[in-house]
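Asker: Here's a structure for you.
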Amino acid sequence: MKMNIFDWKHGAQEATAENSEEIPDYLLGSLLTWINDAEIFVSYDRDEFNKFGDLRMGKNERMLNLQTYERRMRRACPYSDEENTATYFSRHGVSDDEVYEFINFLCSRIYEEDRRRNWYWGTSEDTYGTFEQNEYLHDAGQKILDNLETILMEGGSSYRLEKTRQQCRLEKRVDPVMQESVDLLFGSEGNTPEMRHLQKAWDRTFGRDPDYQYAYAEIVRAVEAVICPLVEPNNGKSTLSSAANVMRSQPGWHYTIEPKDEHAQVPGGFMRLAVEAIMNNHQQRHESGGDSVPVTERQTKGALYMAVSIVQAVHDGLITCDSRDEGI
């Protein structure tokens, strides 16, 4: 069924600023077309494909995917009223957030099915197809994801496609310099505790389902994972608080660059101040005391960017203690 993007019901809106969370009219048609192609890909009729090599929407396969979507979103959706979800969006109109939400789901399904085929293709040919079929599906799925990356980038969307070994999903677009730094850090440092915590923090800060309280807790754990062994290697119960106290009291702690003016210098170096700032803002209190004040999105992003710098600095040996080197 062909869809008419001019039936879109979310109302006329002007072209939005670059990287807006709203979907401008000039981007809508591309996203609906992508949703249609991606839904066919994840819901194709397997019998039709095995016989003729064509990817056509399977009614039962689509229903199973929509049921999976409902379970994950914890709500019923009426998308099955139309032959495909893009047509439903076009005719009935949904929020821009719901469009991105379904795109995110389709990305995860493409990734999950690709992993499943790669794992099982040699053990259950009737279900997962031949090697040639799986190779074709892998290439087709990657092309669909690549098309989405191009659409989001060219359309100035506030989202980008994040593809890792563990997942494929939408996440908020950040400054390109910071994004490149983080991608290099995640890609080069392996499966260390600090990187696992940083990845969770990044996902919960910039993903489609942000949780800033959870993200901030993971930020603290990531910094603890590198600072505590560095500052208190013999203290198995070291915390950011105790490590910061050691940096303050033990002479010689500094970052590779520090202020030259003695009046601007602080005990333990300015990285100690960064560690304490992350620690102190984790459990803010009302002035009256008692109830915790939730961290904000802005605080979480600030702490996350600083944590990335701290982790990278420790990995590169840029935070040192002169007194230890001199045997004091």
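By order of appearance in the structure tokens: chains A, B, ..., then residues from 1 within every chain, and ligands from 1 in the order shown.
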As a ChimeraX atom specification, please: every residue in region 57-294 of chain A that DSSP puts in helix (DSSP H, G or I).

Answerer: /A:59-73,79-81,85-92,96-120,125-128,131-154,176-188,193-206,212-231,240-249,262-264,270-280

Asker: Mind checking DSSP for region 96-325 of chain A and telling me the strand (DSSP E or B) residues as a ChimeraX atom specification?

Answerer: /A:157,159-163,168-172,207,253-255,284-285,292-293,319-321

Asker: Contacts of region 242-258 of chain A at 6 Å or less, counting only C-alpha atoms, minus same-chain residues fewer than 3 places along, as a PDB file with N, CA and C atoms, in the first residue's frame?

Answerer:
```pdb
ATOM      1  N   CYS A 228      40.290   5.448  42.500  1.00  0.00           N
ATOM      2  CA  CYS A 228      40.557   4.759  43.773  1.00  0.00           C
ATOM      3  C   CYS A 228      41.786   3.845  43.704  1.00  0.00           C
ATOM      4  N   VAL A 231      44.950   6.225  43.565  1.00  0.00           N
ATOM      5  CA  VAL A 231      45.278   7.009  44.746  1.00  0.00           C
ATOM      6  C   VAL A 231      45.450   6.137  45.980  1.00  0.00           C
ATOM      7  N   THR A 239      36.796   5.048  48.410  1.00  0.00           N
ATOM      8  CA  THR A 239      35.690   5.742  47.740  1.00  0.00           C
ATOM      9  C   THR A 239      36.226   7.040  47.153  1.00  0.00           C
ATOM     10  N   PRO A 267      45.696  22.078  46.668  1.00  0.00           N
ATOM     11  CA  PRO A 267      46.238  20.781  47.068  1.00  0.00           C
ATOM     12  C   PRO A 267      45.595  19.638  46.289  1.00  0.00           C
ATOM     13  N   GLY A 268      46.414  18.770  45.757  1.00  0.00           N
ATOM     14  CA  GLY A 268      45.900  17.640  44.994  1.00  0.00           C
ATOM     15  C   GLY A 268      45.680  17.932  43.528  1.00  0.00           C
ATOM     16  N   GLY A 269      45.852  19.204  43.121  1.00  0.00           N
ATOM     17  CA  GLY A 269      45.664  19.556  41.723  1.00  0.00           C
ATOM     18  C   GLY A 269      44.204  19.758  41.361  1.00  0.00           C
ATOM     19  N   ARG A 272      41.652  16.913  41.376  1.00  0.00           N
ATOM     20  CA  ARG A 272      41.033  16.578  42.657  1.00  0.00           C
ATOM     21  C   ARG A 272      39.732  17.346  42.821  1.00  0.00           C
ATOM     22  N   LEU A 318      48.331  10.725  33.093  1.00  0.00           N
ATOM     23  CA  LEU A 318      48.487  12.176  33.206  1.00  0.00           C
ATOM     24  C   LEU A 318      48.206  12.702  34.609  1.00  0.00           C
ATOM     25  N   ILE A 319      47.684  11.854  35.494  1.00  0.00           N
ATOM     26  CA  ILE A 319      47.480  12.230  36.896  1.00  0.00           C
ATOM     27  C   ILE A 319      48.508  11.459  37.718  1.00  0.00           C
ATOM     28  N   THR A 320      49.443  12.168  38.335  1.00  0.00           N
ATOM     29  CA  THR A 320      50.558  11.507  39.031  1.00  0.00           C
ATOM     30  C   THR A 320      50.810  12.167  40.387  1.00  0.00           C
ATOM     31  N   CYS A 321      51.693  11.518  41.158  1.00  0.00           N
ATOM     32  CA  CYS A 321      52.061  12.042  42.466  1.00  0.00           C
ATOM     33  C   CYS A 321      53.600  12.070  42.553  1.00  0.00           C
ATOM     34  N   ASP A 322      54.173  13.265  42.661  1.00  0.00           N
ATOM     35  CA  ASP A 322      55.631  13.405  42.699  1.00  0.00           C
ATOM     36  C   ASP A 322      56.224  12.749  43.937  1.00  0.00           C
ATOM     37  N   SER A 323      55.534  12.855  45.060  1.00  0.00           N
ATOM     38  CA  SER A 323      56.094  12.309  46.302  1.00  0.00           C
ATOM     39  C   SER A 323      56.264  10.801  46.226  1.00  0.00           C
TER      40      SER A 323
END
```

Asker: Neighbouring residues of region 36-48 of chain A were defined as those with any atom within 6 Å, considering only C-alpha atoms; residues of the same chain fewer than 6 positions away were excluded. Please report them as a ChimeraX atom specification.

Answerer: /A:55-58,61-62,86

Asker: How would the residues just picked look written out with C-alpha atoms as a PDB file, in the first residue's frame?

Answerer:
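Saved as again-v9.pdb:
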```
ATOM      1  CA  LEU A  55      11.097  -9.293   0.824  1.00  0.00           C
ATOM      2  CA  ARG A  56       7.386  -8.726   1.277  1.00  0.00           C
ATOM      3  CA  MET A  57       5.492  -7.862   4.439  1.00  0.00           C
ATOM      4  CA  GLY A  58       4.234 -10.917   6.280  1.00  0.00           C
ATOM      5  CA  GLU A  61       5.405 -11.609  11.189  1.00  0.00           C
ATOM      6  CA  ARG A  62       4.320  -7.970  11.448  1.00  0.00           C
ATOM      7  CA  ALA A  86       4.110   4.154   8.182  1.00  0.00           C
TER       8      ALA A  86
END
```

Asker: If we count only C-alpha atoms, what is near His197 (chain A) at a cut-off of 8 Å, once residues fewer than 5 positions away on the same chain are taken out, given as a JSON list (two decimals) with C-alpha atoms, in the first residue's frame?

Answerer:
```
[["chain", "number", "residue", "atom", "x", "y", "z"],
["A", 218, "GLU", "CA", 27.28, 5.02, 36.89],
["A", 219, "ILE", "CA", 29.43, 8.12, 36.37],
["A", 221, "ARG", "CA", 31.34, 4.25, 39.66],
["A", 222, "ALA", "CA", 33.37, 4.88, 36.51]]
```

Asker: What is the distance, in Å and to one decimal place, between CA of Leu31 (chain A) and CA of Tyr100 (chain A)?

Answerer: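 Going from CA of Leu31 (chain A) over to CA of Tyr100 (chain A) covers 8.9 Å.
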
Asker: Go ahead and compute the interatomic distance for CA of Val174 (chain A) and CA of Lys301 (chain A), in Å to one decimal.

Answerer: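 We find that CA of Val174 (chain A) and CA of Lys301 (chain A) lie 10.2 Å from each other.
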
Asker: What separation in Å, quoted to one decimal, exists between CA of Asn234 (chain A) and CA of Asn191 (chain A)?

Answerer: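 So the two atoms, CA of Asn234 (chain A) and CA of Asn191 (chain A), lie 23.3 Å apart.
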
Asker: Given only C-alpha atoms as the basis, pick out the residue of A:Gly317, A:Gln142, A:Tyr214, A:Lys260 nearest to Ile227 (chain A).

Answerer: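 Between A:Gly317, A:Gln142, A:Tyr214, A:Lys260, the residue approaching Ile227 (chain A) most closely is A:Gly317.
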
Asker: So that I can check the surroundings of Glu276 (chain A), please list as an mmCIF file with N, CA and C atoms, in the first residue's frame every protein, DNA and RNA residue that reaches within 9 Å of it, counting only C-alpha atoms and ignoring chain neighbours fewer than 5 positions away.

Answerer:
```cif
data_model
loop_
_atom_site.group_PDB
_atom_site.id
_atom_site.type_symbol
_atom_site.label_atom_id
_atom_site.label_comp_id
_atom_site.auth_asym_id
_atom_site.auth_seq_id
_atom_site.Cartn_x
_atom_site.Cartn_y
_atom_site.Cartn_z
ATOM 1 N N LEU A 240 35.394 7.725 46.381
ATOM 2 C CA LEU A 240 35.828 9.010 45.846
ATOM 3 C C LEU A 240 36.140 9.987 46.977
ATOM 4 N N SER A 241 35.376 9.921 48.053
ATOM 5 C CA SER A 241 35.606 10.823 49.177
ATOM 6 C C SER A 241 36.960 10.578 49.823
ATOM 7 N N ALA A 244 39.798 11.547 47.394
ATOM 8 C CA ALA A 244 39.973 12.998 47.310
ATOM 9 C C ALA A 244 40.697 13.522 48.546
ATOM 10 N N MET A 271 42.423 18.324 39.179
ATOM 11 C CA MET A 271 41.658 17.100 38.947
ATOM 12 C C MET A 271 41.019 16.606 40.245
ATOM 13 N N ASN A 281 28.044 16.485 43.968
ATOM 14 C CA ASN A 281 26.767 16.731 43.301
ATOM 15 C C ASN A 281 25.929 15.471 43.126
#
```

Asker: Find, counting only C-alpha atoms, the residue in A:Cys77, A:Tyr216, A:Leu152, A:Gly207 that gets nearest to Arg298 (chain A).

Answerer: A:Tyr216

Asker: With only C-alpha atoms as the atoms that count, which of A:Gly155, A:Glu171, A:Glu135, A:Lys143 lies nearest to Glu101 (chain A)?

Answerer: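 Looking only at the distances to Glu101 (chain A), the closest residue turns out to be A:Glu171.
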
Asker: Using only C-alpha atoms, which of the listed residues (A:Trp34, A:Tyr159, A:Leu64, A:Pro193) sits closest to Leu145 (chain A)?

Answerer: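 Distance minimum relative to Leu145 (chain A) lands on A:Trp34.
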
Asker: Using only C-alpha atoms, find the one residue out of A:Ala313, A:Ala307, A:Val293, A:Val266 that sits nearest to Met279 (chain A).

Answerer: A:Ala307
